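Read through the structure below, which is laid out as structure tokens, and then see the notes.
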Protein chains: 2
Amino acid sequence: MDFLVIGGDAAGMSAASRAKRNQPDMNVTVLEQTMDVSYSACGMPYNISDPNRDIDDLVVRQAQVFRDKQGINLLTGYRARSIDPEAQTVKAVDYSGKEATFQYDYLLIATGASPIMPDIEGIDSSGVLPLKGLSDGRNIKAYLRQNDVRQAVLVGMGYIGLEMSESLRERGIEVVGTTRGFMRNYDEQIAGVVKETLAAHDVSLYTDHTVEKIEKNGKNLSVVCKDKRLEADMVVMGLGVRPNSEIAADAGIKLGPKDSIAVDRKVETSLPEIFSAGDCADAYHVVTGEKVYIPLALVANRAGWTAADRICGKNVYLQGIAGSAVFKVFELEVARTGLSVKQAEEAGFDPASVTIKARSRAHAHPGATSIWVHMVGDRESGRLLGTQMVGKEGVAHRIKGPTVALHAHMTVQDFSQTDLAYAPPFSPVWDPMLTAANQLVKRL
Amino acid sequence: MDFLVIGGDAAGMSAASRAKRNQPDMNVTVLEQTMDVSYSACGMPYNISDPNRDIDDLVVRQAQVFRDKQGINLLTGYRARSIDPEAQTVKAVDYSGKEATFQYDYLLIATGASPIMPDIEGIDSSGVLPLKGLSDGRNIKAYLRQNDVRQAVLVGMGYIGLEMSESLRERGIEVVGTTRGFMRNYDEQIAGVVKETLAAHDVSLYTDHTVEKIEKNGKNLSVVCKDKRLEADMVVMGLGVRPNSEIAADAGIKLGPKDSIAVDRKVETSLPEIFSAGDCADAYHVVTGEKVYIPLALVANRAGWTAADRICGKNVYLQGIAGSAVFKVFELEVARTGLSVKQAEEAGFDPASVTIKARSRAHAHPGATSIWVHMVGDRESGRLLGTQMVGKEGVAHRIKGPTVALHAHMTVQDFSQTDLAYAPPFSPVWDPMLTAANQLVKRL
């Protein structure tokens, strides 16, 4: 049996490895257009912060290991160009420009996503750099090494922008962030705490700004907004990503939200024997039951496994994602799961919400800091719809409680009754999430 | 309406305060035998570690505040002696020995628990000290202040023993722990990590030992076991607690496990208009549905609220406890929820389990340490039955995920599909709990 995978990153390599583990005699071929497979993309901002660390530290497994140890026919430098679903073939071109055709019994499209680069003047200037793949990380580190970067402008303040603001400040670089909104899917108070921390670390933040063009004069870059002109030695583009779904669309495969590749809970596309997983594919949201495009690492790995398992005849399904995310920015941990109030309204719920501030440790326990919890519930069903948190400790892992509750479609009342373990170094007797739930119950 | 509460600690004062908030015109009387109400009992080991901190720092609210600000008739120094359920009265005696009778429409028994002090020779010696109430903490601090304590023996290595071992080592005191078993409701590997850490901090541990007597010669204490004699300047008794249920039993109220006061999900006892909450009462276990006696702070507070709410006509129920617990011992965080393999077998399940070791942070992220996850599932139903963890970071709050899963009666398979948020500073892409769940699924 021939299992062909387009794309050798998280989803693709997870699928290839798992298929080989499931059925060692399966012919598994992976076409990867770069030379990099299996690396920790999310670790790049933390690596970039340290001039002494090699970006290749983030490589988890070398391509040769997949070939030698796992028997995967991993072809790096191969770019897939078209799929013929009738003939069950994929045409690709290798690094030298030579064309080749690959036959498949099962195909996985794991083409990932590309950073959004707006079509504005100067976007191609040297020193205007996105951060998505390992080569992007390499470019940024090389640019920092080769240039005297004293001031950077971040265009877009999503997770990449926020993490890069810390990373570059650690290198002593002045950082200016420009963005249209700021943490728009977060509660205002939660976002406000992050804003204050950015200010405390001298990250200037210009919200409500759209970049109109980028000018380059010698080594100097200028990011030009309508009413503002920001000077920079380097510009990091963090406007999010768009799915690499063209090859699927051209083959007649149906697309989902934001032109991602539509897959069902078996990660099958609309065409037979063709699966899709990772940053190019959509997913079901466990709270709304609707399709969403939220490309993150865990679901990429999990969807890759699911594709491999199904191809090997296992009756497995992907339940979906809860919209969970966590990030660190300076001393803050920020986490969310489920829907914001606005997202809940858009999904047809009748949301009520509460935001509370509590202590991270018990009364009189030394070292306590503040923790903010925002919780959203549905007035009609009583269901918990989402939770957001920010604080200096106890946030990143605490979010796992409400995440599980969302998967279980638990009510706020039921969540408020959960036996969340307590000890003075870790929380008050009533966990801040229980305090939030107790208050939210009254508003439902 | 007269609401009478016996016991002014966590459950009693929670109930009294909430009843007053619900119905400000209610007559709420609390009989408390000590002079201490509303303090953080769990904080005592951390306070004892620091000679410069006053134990009274742990007092959350002074008695007078409950009287003046909340209008609660809080009678400290009053010991309840008997309940007459027919007449709806309670007889008490005050600190001066004067008797008084109190009428009630509703009664809450929140008499708490007492430290188990075995009936052995020398148990009453000066320097042999339990740790349960604030007065116990006061006694230990006073003893440490007034004596040159260089060596302490801990009898019993439950939560109190483990926390006190750290507390006393911080004061430079040599610590020897003696116990019959060691973390018997924990997986062997999890317990083994704790053992190693105790050893690394020079806490000597003698397991499989039962104390036969304690000898006192001058200021010196000797803890005598069958084949061992341990010298000490102070002995801390940490053999657990037993519920103060005599007054309830004498009134004809039915008792539950370990002679705790049996209550239903409305926290009502077997007699009308009489409720019970806190360390004297039992609870339902959400995994087994059976009654258990696991006295901890959160359920005490919650049960107190439930009693007050029901008395005020609210239709609320206690769902029960999941057996969650978390503690810190030196640099380790240890947490559990649900059942151990042994407890699962005793409850009639057919358990399978797995213990995995993972990294606390992503590949190549600096500062990663090890984290161990033990997970128990039921072969018959596929349900998640329990989870235990130990590590230097990310344990205390991580346990909240499986705790919520136990409340929702989730299967291991469903838990393995949860969207647990990931970022490199906090975990690998696959959270260690998901890795454990993925492996456990294969054994079910």
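Ordering of the structure tokens sets the chain letters (A, B, ...); residue numbers start at 1 within each chain; ligands are numbered from 1 in the order shown.
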
For chain A, which residues have at least one atom within 7 Å of chain B, if we go by only C-alpha atoms? Write them as a PDB file with C-alpha atoms, in the first residue's frame, please.
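Result saved to out_35.pdb:
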```
ATOM      1  CA  CYS A  42       6.724  27.363  18.505  1.00  0.00           C
ATOM      2  CA  GLY A  43      10.134  27.447  20.151  1.00  0.00           C
ATOM      3  CA  ASP A  57      18.688  23.297  18.327  1.00  0.00           C
ATOM      4  CA  LEU A  58      14.964  23.274  17.600  1.00  0.00           C
ATOM      5  CA  VAL A  60      13.740  17.346  17.022  1.00  0.00           C
ATOM      6  CA  ALA A 297       0.584  22.408  16.973  1.00  0.00           C
ATOM      7  CA  LEU A 298      -1.339  19.873  19.065  1.00  0.00           C
ATOM      8  CA  GLN A 319     -13.396  15.198  18.500  1.00  0.00           C
ATOM      9  CA  ILE A 321     -10.636  21.671  19.252  1.00  0.00           C
ATOM     10  CA  ALA A 322     -11.700  23.888  22.110  1.00  0.00           C
ATOM     11  CA  SER A 324      -7.315  26.579  23.735  1.00  0.00           C
ATOM     12  CA  ALA A 325      -4.158  28.645  23.628  1.00  0.00           C
ATOM     13  CA  VAL A 326      -1.489  29.623  26.086  1.00  0.00           C
ATOM     14  CA  PHE A 327       1.451  31.956  25.800  1.00  0.00           C
ATOM     15  CA  HIS A 363      -4.167  34.094  52.479  1.00  0.00           C
ATOM     16  CA  ALA A 364      -0.894  34.913  54.255  1.00  0.00           C
ATOM     17  CA  HIS A 365       1.160  32.649  52.010  1.00  0.00           C
ATOM     18  CA  GLY A 394      -0.692  29.224  37.856  1.00  0.00           C
ATOM     19  CA  ALA A 396      -0.789  28.026  31.855  1.00  0.00           C
ATOM     20  CA  HIS A 397      -1.886  24.747  33.433  1.00  0.00           C
ATOM     21  CA  ARG A 398      -4.979  25.953  35.268  1.00  0.00           C
ATOM     22  CA  LYS A 400      -6.748  22.663  31.466  1.00  0.00           C
ATOM     23  CA  GLY A 401      -9.678  22.413  33.905  1.00  0.00           C
ATOM     24  CA  THR A 403     -10.771  23.022  28.662  1.00  0.00           C
ATOM     25  CA  VAL A 404     -11.837  19.560  29.782  1.00  0.00           C
ATOM     26  CA  ALA A 405     -15.151  21.022  30.943  1.00  0.00           C
ATOM     27  CA  HIS A 407     -15.148  18.967  25.909  1.00  0.00           C
ATOM     28  CA  ALA A 408     -17.678  17.533  28.355  1.00  0.00           C
ATOM     29  CA  GLN A 417     -18.777  22.126  42.006  1.00  0.00           C
ATOM     30  CA  THR A 418     -15.516  20.545  40.854  1.00  0.00           C
ATOM     31  CA  ASP A 419     -13.044  19.334  43.445  1.00  0.00           C
ATOM     32  CA  LEU A 420     -10.063  21.452  42.381  1.00  0.00           C
ATOM     33  CA  ALA A 421      -7.234  20.533  44.712  1.00  0.00           C
ATOM     34  CA  TYR A 422      -5.971  23.190  47.077  1.00  0.00           C
ATOM     35  CA  ALA A 423      -2.738  23.837  48.944  1.00  0.00           C
ATOM     36  CA  PRO A 424      -1.553  27.243  50.202  1.00  0.00           C
ATOM     37  CA  PHE A 426      -0.774  27.195  44.810  1.00  0.00           C
ATOM     38  CA  VAL A 429      -9.103  27.507  49.165  1.00  0.00           C
ATOM     39  CA  TRP A 430     -11.574  28.529  46.485  1.00  0.00           C
TER      40      TRP A 430
END
```

task = Give the strand (DSSP E) residues of segment 193-329 of chain B, as DSSP finds them on the backbone, and put them as a PyMOL selection string.
result = chain B and resi 203-206+211-217+220-225+228-232+234-237+241-243+274-276+283-284+291-292+325-329

message = List as an NGL selection string the protein and nucleic acid residues near segment 370-375 of chain B, meaning an atom at most 10 Å away when only C-alpha atoms are counted, but skip any in the same chain fewer than 6 places from it.
response = :B and (186-190 or 193 or 332-341 or 351-361 or 384-395 or 399 or 402 or 412 or 427 or 432-437 or 439-440)

query = What lies within 10 Å of Val5 of chain B using only C-alpha atoms, ignoring chain neighbours under 4 positions off, as JSON, numbers by chain?
reply = {"B": [11, 12, 13, 15, 16, 28, 29, 30, 31, 32, 74, 80, 90, 104, 106, 107, 108, 109, 110, 111, 274, 275, 276]}

Using the selection just defined, write its residues with N, CA and C atoms as a PDB file, in the first residue's frame.
```pdb
ATOM      1  N   ALA B  11     -16.063  25.243  57.774  1.00  0.00           N
ATOM      2  CA  ALA B  11     -17.434  24.930  57.386  1.00  0.00           C
ATOM      3  C   ALA B  11     -18.429  25.790  58.154  1.00  0.00           C
ATOM      4  N   GLY B  12     -18.232  25.900  59.473  1.00  0.00           N
ATOM      5  CA  GLY B  12     -19.166  26.620  60.327  1.00  0.00           C
ATOM      6  C   GLY B  12     -19.249  28.096  59.981  1.00  0.00           C
ATOM      7  N   MET B  13     -18.110  28.747  59.848  1.00  0.00           N
ATOM      8  CA  MET B  13     -18.132  30.177  59.564  1.00  0.00           C
ATOM      9  C   MET B  13     -18.564  30.457  58.126  1.00  0.00           C
ATOM     10  N   ALA B  15     -20.817  28.733  56.572  1.00  0.00           N
ATOM     11  CA  ALA B  15     -22.272  28.608  56.630  1.00  0.00           C
ATOM     12  C   ALA B  15     -22.897  29.834  57.298  1.00  0.00           C
ATOM     13  N   ALA B  16     -22.320  30.249  58.428  1.00  0.00           N
ATOM     14  CA  ALA B  16     -22.885  31.374  59.168  1.00  0.00           C
ATOM     15  C   ALA B  16     -22.860  32.654  58.318  1.00  0.00           C
ATOM     16  N   VAL B  28     -28.302  34.067  63.593  1.00  0.00           N
ATOM     17  CA  VAL B  28     -27.268  33.059  63.392  1.00  0.00           C
ATOM     18  C   VAL B  28     -26.343  33.053  64.607  1.00  0.00           C
ATOM     19  N   THR B  29     -26.281  31.908  65.263  1.00  0.00           N
ATOM     20  CA  THR B  29     -25.427  31.765  66.444  1.00  0.00           C
ATOM     21  C   THR B  29     -24.389  30.682  66.176  1.00  0.00           C
ATOM     22  N   VAL B  30     -23.147  30.960  66.506  1.00  0.00           N
ATOM     23  CA  VAL B  30     -22.082  29.972  66.344  1.00  0.00           C
ATOM     24  C   VAL B  30     -21.442  29.702  67.699  1.00  0.00           C
ATOM     25  N   LEU B  31     -21.338  28.409  68.044  1.00  0.00           N
ATOM     26  CA  LEU B  31     -20.651  28.011  69.279  1.00  0.00           C
ATOM     27  C   LEU B  31     -19.277  27.457  68.915  1.00  0.00           C
ATOM     28  N   GLU B  32     -18.229  28.139  69.335  1.00  0.00           N
ATOM     29  CA  GLU B  32     -16.872  27.688  69.017  1.00  0.00           C
ATOM     30  C   GLU B  32     -16.114  27.475  70.320  1.00  0.00           C
ATOM     31  N   LEU B  74     -21.457  35.198  67.445  1.00  0.00           N
ATOM     32  CA  LEU B  74     -20.346  34.245  67.504  1.00  0.00           C
ATOM     33  C   LEU B  74     -19.846  34.128  68.941  1.00  0.00           C
ATOM     34  N   ALA B  80     -20.135  22.848  72.829  1.00  0.00           N
ATOM     35  CA  ALA B  80     -21.429  22.165  72.768  1.00  0.00           C
ATOM     36  C   ALA B  80     -21.282  20.781  73.377  1.00  0.00           C
ATOM     37  N   VAL B  90     -29.559  22.732  71.942  1.00  0.00           N
ATOM     38  CA  VAL B  90     -28.182  22.294  72.146  1.00  0.00           C
ATOM     39  C   VAL B  90     -27.724  22.823  73.493  1.00  0.00           C
ATOM     40  N   TYR B 104     -32.881  25.972  68.387  1.00  0.00           N
ATOM     41  CA  TYR B 104     -32.635  26.155  66.940  1.00  0.00           C
ATOM     42  C   TYR B 104     -33.831  25.727  66.100  1.00  0.00           C
ATOM     43  N   TYR B 106     -32.831  25.404  62.710  1.00  0.00           N
ATOM     44  CA  TYR B 106     -31.905  24.593  61.914  1.00  0.00           C
ATOM     45  C   TYR B 106     -30.569  24.528  62.640  1.00  0.00           C
ATOM     46  N   LEU B 107     -29.973  23.340  62.603  1.00  0.00           N
ATOM     47  CA  LEU B 107     -28.695  23.142  63.286  1.00  0.00           C
ATOM     48  C   LEU B 107     -27.653  22.659  62.276  1.00  0.00           C
ATOM     49  N   LEU B 108     -26.477  23.223  62.352  1.00  0.00           N
ATOM     50  CA  LEU B 108     -25.357  22.713  61.549  1.00  0.00           C
ATOM     51  C   LEU B 108     -24.278  22.208  62.496  1.00  0.00           C
ATOM     52  N   ILE B 109     -23.928  20.942  62.344  1.00  0.00           N
ATOM     53  CA  ILE B 109     -22.834  20.371  63.125  1.00  0.00           C
ATOM     54  C   ILE B 109     -21.561  20.481  62.293  1.00  0.00           C
ATOM     55  N   ALA B 110     -20.668  21.341  62.754  1.00  0.00           N
ATOM     56  CA  ALA B 110     -19.403  21.559  62.027  1.00  0.00           C
ATOM     57  C   ALA B 110     -18.279  21.469  63.051  1.00  0.00           C
ATOM     58  N   THR B 111     -18.253  20.313  63.715  1.00  0.00           N
ATOM     59  CA  THR B 111     -17.347  20.129  64.848  1.00  0.00           C
ATOM     60  C   THR B 111     -15.934  19.745  64.435  1.00  0.00           C
ATOM     61  N   ILE B 274     -31.238  18.973  60.859  1.00  0.00           N
ATOM     62  CA  ILE B 274     -29.848  18.943  61.308  1.00  0.00           C
ATOM     63  C   ILE B 274     -28.929  18.645  60.124  1.00  0.00           C
ATOM     64  N   PHE B 275     -28.023  19.577  59.869  1.00  0.00           N
ATOM     65  CA  PHE B 275     -27.050  19.472  58.770  1.00  0.00           C
ATOM     66  C   PHE B 275     -25.666  19.218  59.358  1.00  0.00           C
ATOM     67  N   SER B 276     -24.779  18.734  58.533  1.00  0.00           N
ATOM     68  CA  SER B 276     -23.394  18.625  58.976  1.00  0.00           C
ATOM     69  C   SER B 276     -22.464  18.942  57.804  1.00  0.00           C
TER      70      SER B 276
END
```

request  = Going by DSSP on the backbone, which bits of segment 161-307 of chain B are helix (DSSP H, G or I)? Write them as a VMD selection string, please.
outcome  = chain B and resid 161 to 170 188 to 200 246 to 250 257 to 259 297 to 307

message = Report as JSON, numbers by chain all protein, DNA and RNA residues lying within 9 Å of Arg242 of chain A, evaluated on only C-alpha atoms, omitting residues in the same chain fewer than 5 positions from it.
response = {"A": [112, 113, 114, 115, 116, 258, 259, 260, 279, 280]}

request  = Mind giving me the straight-line distance from atom CA of Gly8 of chain A to atom CA of Val37 of chain A in Å, one decimal?
outcome  =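 Result for atom CA of Gly8 of chain A versus atom CA of Val37 of chain A: 5.4 Å, one decimal.
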
task = Tell me, as a PyMOL selection string, which residues lie within 8 Å of Gln62 of chain B, counting only C-alpha atoms; anything in the same chain fewer than 4 positions away does not count.
result = chain B and resi 36-38+66

Write a file of the selected residues as a compact mmCIF listing (two decimals), in the first residue's frame, keeping C-alpha atoms.
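What follows is the written file again36.txt:
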```txt
# COMPACT_ATOMS: atom_id res chain seq x y z
CA ASP B 36 -9.92 30.97 67.04
CA VAL B 37 -12.20 31.25 64.05
CA SER B 38 -11.45 31.67 60.37
CA PHE B 66 -17.99 38.42 62.32
```
